[in-house]
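In what follows, a single structure is set out as structure tokens and then discussed.
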Amino acid sequence: MMKRLFFLLLTIGFIATLEACKNEDKETEAKLNQEIMKIHDEVMPKMGDLNRMKRQLSAYKDEVPDDNAAMKDSLINAILLLAKTEDNMNDWMANYKYPNPDLKHDEMLKYLKGQQDTIKQINNDVFMTLAIGNGLLKNAPQSARE
């Protein structure tokens with residue numbers, strides 16, 4: 001009788017430990033997803049800035065004399081970089097999906113960490129390209145900055 005009781009208590013303890021681990025895993029996954037969404041929410045408002053910066057740099061490029069090829073090339077490269085950054089963000093948003101909850105914890109973490117790395121890179125790219133654009137616009141005539 002004592003053996004059965006001991007085995008029953010041991011089994012209950014084991015199951016409780018497994019459930020606690022599962023809950024910790026789900027909390028870790030949810031926290032990582034929240035971090036991903038926090039980065040997304042930080043960078044999302046900058047998408048309008050990217051678009052406006054592209055328009056301003058295009059207007060500036062149109063006003064640069066043809067004999068200033070270096071400036072035109074710099075502006076074209078910045079415009080392309082802004083467009084690529086915007087495309088990367090749009091692609092990430094279109095493709096990001098919270099994974100199937102039935103996925104194993106290690107596979108879930110691998111996916112979420114990969115998504116976190118991607119959105120962090122996009123975030124860095126957005127701020128870097130805006131800084132490049134702002135640097136170029138410092139020399140632009142007022143008409144190009146509107």
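Here's how to read the names in the structure tokens: chain A, B, ... by the order shown, residue numbers from 1 in each chain, ligand numbers from 1 in the order shown.
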Write out, as a tab-separated table, each residue of range 30-67 of chain A that has an atom at most 10 Å from range 86-91 of chain A, together with the closest pair of atoms and their distance in Å to one decimal, counting only C-alpha atoms, rows going by chain and rising number.
residue	atom	partner	partner_atom	distance
A:His40	CA	A:Met89	CA	9.1
A:Val43	CA	A:Met89	CA	8.9
A:Met44	CA	A:Met89	CA	8.4
A:Lys46	CA	A:Glu86	CA	9.6
A:Met47	CA	A:Glu86	CA	6.8
A:Gly48	CA	A:Glu86	CA	9.5
A:Leu50	CA	A:Glu86	CA	6.9
A:Asn51	CA	A:Glu86	CA	7.9
Using only C-alpha atoms, which protein or nucleic acid residues come within 10 Å of Glu35 in chain A? Drop anything in the same chain fewer than 6 positions from it, and give the result as a PDB file with N, CA and C atoms, in the first residue's frame.
ATOM      1  N   GLU A  29       8.029  31.931 -24.675  1.00  0.00           N
ATOM      2  CA  GLU A  29       7.612  32.162 -26.065  1.00  0.00           C
ATOM      3  C   GLU A  29       6.791  33.444 -26.179  1.00  0.00           C
ATOM      4  N   ASP A  41       6.564  47.794 -33.310  1.00  0.00           N
ATOM      5  CA  ASP A  41       5.811  49.007 -32.984  1.00  0.00           C
ATOM      6  C   ASP A  41       6.707  50.245 -32.944  1.00  0.00           C
ATOM      7  N   LEU A 112      11.155  32.153 -33.439  1.00  0.00           N
ATOM      8  CA  LEU A 112      10.943  33.481 -32.864  1.00  0.00           C
ATOM      9  C   LEU A 112      12.248  34.265 -32.767  1.00  0.00           C
ATOM     10  N   GLN A 116      13.064  37.751 -34.465  1.00  0.00           N
ATOM     11  CA  GLN A 116      13.561  38.870 -33.663  1.00  0.00           C
ATOM     12  C   GLN A 116      14.823  39.461 -34.293  1.00  0.00           C
TER      13      GLN A 116
END
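Each of A:Asn123, A:Asp49, A:Tyr60, A:Lys110 was checked against Leu137 in chain A using only C-alpha atoms; the smallest atom-to-atom distance is that of A:Tyr60.
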Write out as a PyMOL selection string each polymer residue whose atoms come within 10 Å of Ser74 in chain A, counting only C-alpha atoms; drop sequence neighbours fewer than 4 positions from it.
-> chain A and resi 57+61+69-70+78-80+132-133+136
Kindly indicate which residue among A:Tyr111, A:Glu42, A:Val64, A:Ala140 lies nearest to Asn124 in chain A, using only C-alpha atoms for the distances.
->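 Selected residue with least distance to Asn124 in chain A: A:Glu42.
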Select from range 44-110 of chain A everything DSSP, run on the backbone, classes as helix (DSSP H, G or I), then give the selection as a ChimeraX atom specification.
-> /A:46-63,69-95,105-110
Preceding selection exported with C-alpha atoms as a PDB file, in the first residue's frame:
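Listed below is the output, selection.pdb:
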ATOM      1  CA  LYS A  46       9.030  55.377 -39.313  1.00  0.00           C
ATOM      2  CA  MET A  47       7.656  53.828 -42.505  1.00  0.00           C
ATOM      3  CA  GLY A  48       5.955  57.104 -43.417  1.00  0.00           C
ATOM      4  CA  ASP A  49       9.275  58.868 -42.802  1.00  0.00           C
ATOM      5  CA  LEU A  50      10.982  56.481 -45.253  1.00  0.00           C
ATOM      6  CA  ASN A  51       8.418  57.250 -47.913  1.00  0.00           C
ATOM      7  CA  ARG A  52       8.629  61.008 -47.350  1.00  0.00           C
ATOM      8  CA  MET A  53      12.441  60.853 -47.409  1.00  0.00           C
ATOM      9  CA  LYS A  54      12.365  59.034 -50.771  1.00  0.00           C
ATOM     10  CA  ARG A  55      10.147  61.767 -52.234  1.00  0.00           C
ATOM     11  CA  GLN A  56      12.364  64.532 -50.850  1.00  0.00           C
ATOM     12  CA  LEU A  57      15.555  62.924 -52.147  1.00  0.00           C
ATOM     13  CA  SER A  58      13.941  62.399 -55.556  1.00  0.00           C
ATOM     14  CA  ALA A  59      12.974  66.058 -55.688  1.00  0.00           C
ATOM     15  CA  TYR A  60      16.501  67.041 -54.670  1.00  0.00           C
ATOM     16  CA  LYS A  61      17.994  64.742 -57.324  1.00  0.00           C
ATOM     17  CA  ASP A  62      15.872  66.458 -59.971  1.00  0.00           C
ATOM     18  CA  GLU A  63      17.312  69.823 -58.948  1.00  0.00           C
ATOM     19  CA  ALA A  69      27.226  63.177 -61.086  1.00  0.00           C
ATOM     20  CA  ALA A  70      28.635  62.298 -57.664  1.00  0.00           C
ATOM     21  CA  MET A  71      25.724  63.959 -55.854  1.00  0.00           C
ATOM     22  CA  LYS A  72      23.181  62.437 -58.217  1.00  0.00           C
ATOM     23  CA  ASP A  73      24.715  58.981 -57.635  1.00  0.00           C
ATOM     24  CA  SER A  74      24.631  59.499 -53.864  1.00  0.00           C
ATOM     25  CA  LEU A  75      20.980  60.490 -54.022  1.00  0.00           C
ATOM     26  CA  ILE A  76      20.057  57.573 -56.289  1.00  0.00           C
ATOM     27  CA  ASN A  77      21.844  55.126 -53.972  1.00  0.00           C
ATOM     28  CA  ALA A  78      20.093  56.584 -50.920  1.00  0.00           C
ATOM     29  CA  ILE A  79      16.702  56.380 -52.644  1.00  0.00           C
ATOM     30  CA  LEU A  80      17.339  52.737 -53.567  1.00  0.00           C
ATOM     31  CA  LEU A  81      18.447  51.970 -50.011  1.00  0.00           C
ATOM     32  CA  LEU A  82      15.308  53.582 -48.595  1.00  0.00           C
ATOM     33  CA  ALA A  83      13.138  51.584 -50.998  1.00  0.00           C
ATOM     34  CA  LYS A  84      14.913  48.338 -50.111  1.00  0.00           C
ATOM     35  CA  THR A  85      14.498  49.015 -46.398  1.00  0.00           C
ATOM     36  CA  GLU A  86      10.807  49.751 -46.884  1.00  0.00           C
ATOM     37  CA  ASP A  87      10.399  46.554 -48.944  1.00  0.00           C
ATOM     38  CA  ASN A  88      12.155  44.504 -46.245  1.00  0.00           C
ATOM     39  CA  MET A  89       9.765  45.800 -43.597  1.00  0.00           C
ATOM     40  CA  ASN A  90       6.724  45.176 -45.782  1.00  0.00           C
ATOM     41  CA  ASP A  91       7.936  41.651 -46.586  1.00  0.00           C
ATOM     42  CA  TRP A  92       8.552  40.904 -42.915  1.00  0.00           C
ATOM     43  CA  MET A  93       5.086  42.143 -41.946  1.00  0.00           C
ATOM     44  CA  ALA A  94       3.442  40.117 -44.709  1.00  0.00           C
ATOM     45  CA  ASN A  95       5.272  36.926 -43.756  1.00  0.00           C
ATOM     46  CA  HIS A 105       9.475  24.606 -27.689  1.00  0.00           C
ATOM     47  CA  ASP A 106      12.985  24.549 -29.189  1.00  0.00           C
ATOM     48  CA  GLU A 107      11.575  24.912 -32.729  1.00  0.00           C
ATOM     49  CA  MET A 108       9.314  27.734 -31.560  1.00  0.00           C
ATOM     50  CA  LEU A 109      12.263  29.547 -29.953  1.00  0.00           C
ATOM     51  CA  LYS A 110      14.404  29.077 -33.047  1.00  0.00           C
TER      52      LYS A 110
END
CA of Val126 in chain A and CA of Met37 in chain A are how many Å apart?
->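 Going from CA of Val126 in chain A over to CA of Met37 in chain A, I get 16.0 Å.
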One decimal, Å: what's the distance from CA of Asp117 in chain A over to CA of Pro101 in chain A, could you say?
->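 Going from CA of Asp117 in chain A over to CA of Pro101 in chain A, I get 20.6 Å.
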Mind pulling up the distance from CA of Thr129 in chain A to CA of Lys31 in chain A?
->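 Taking CA of Lys31 in chain A as the start and CA of Thr129 in chain A as the end point, the length is 29.1 Å.
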Counting only C-alpha atoms, the residue of A:Thr118, A:Gly135, A:Lys113, A:Leu103 that sits nearest Leu32 in chain A =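 For Leu32 in chain A, the nearest of the given residues is A:Lys113.
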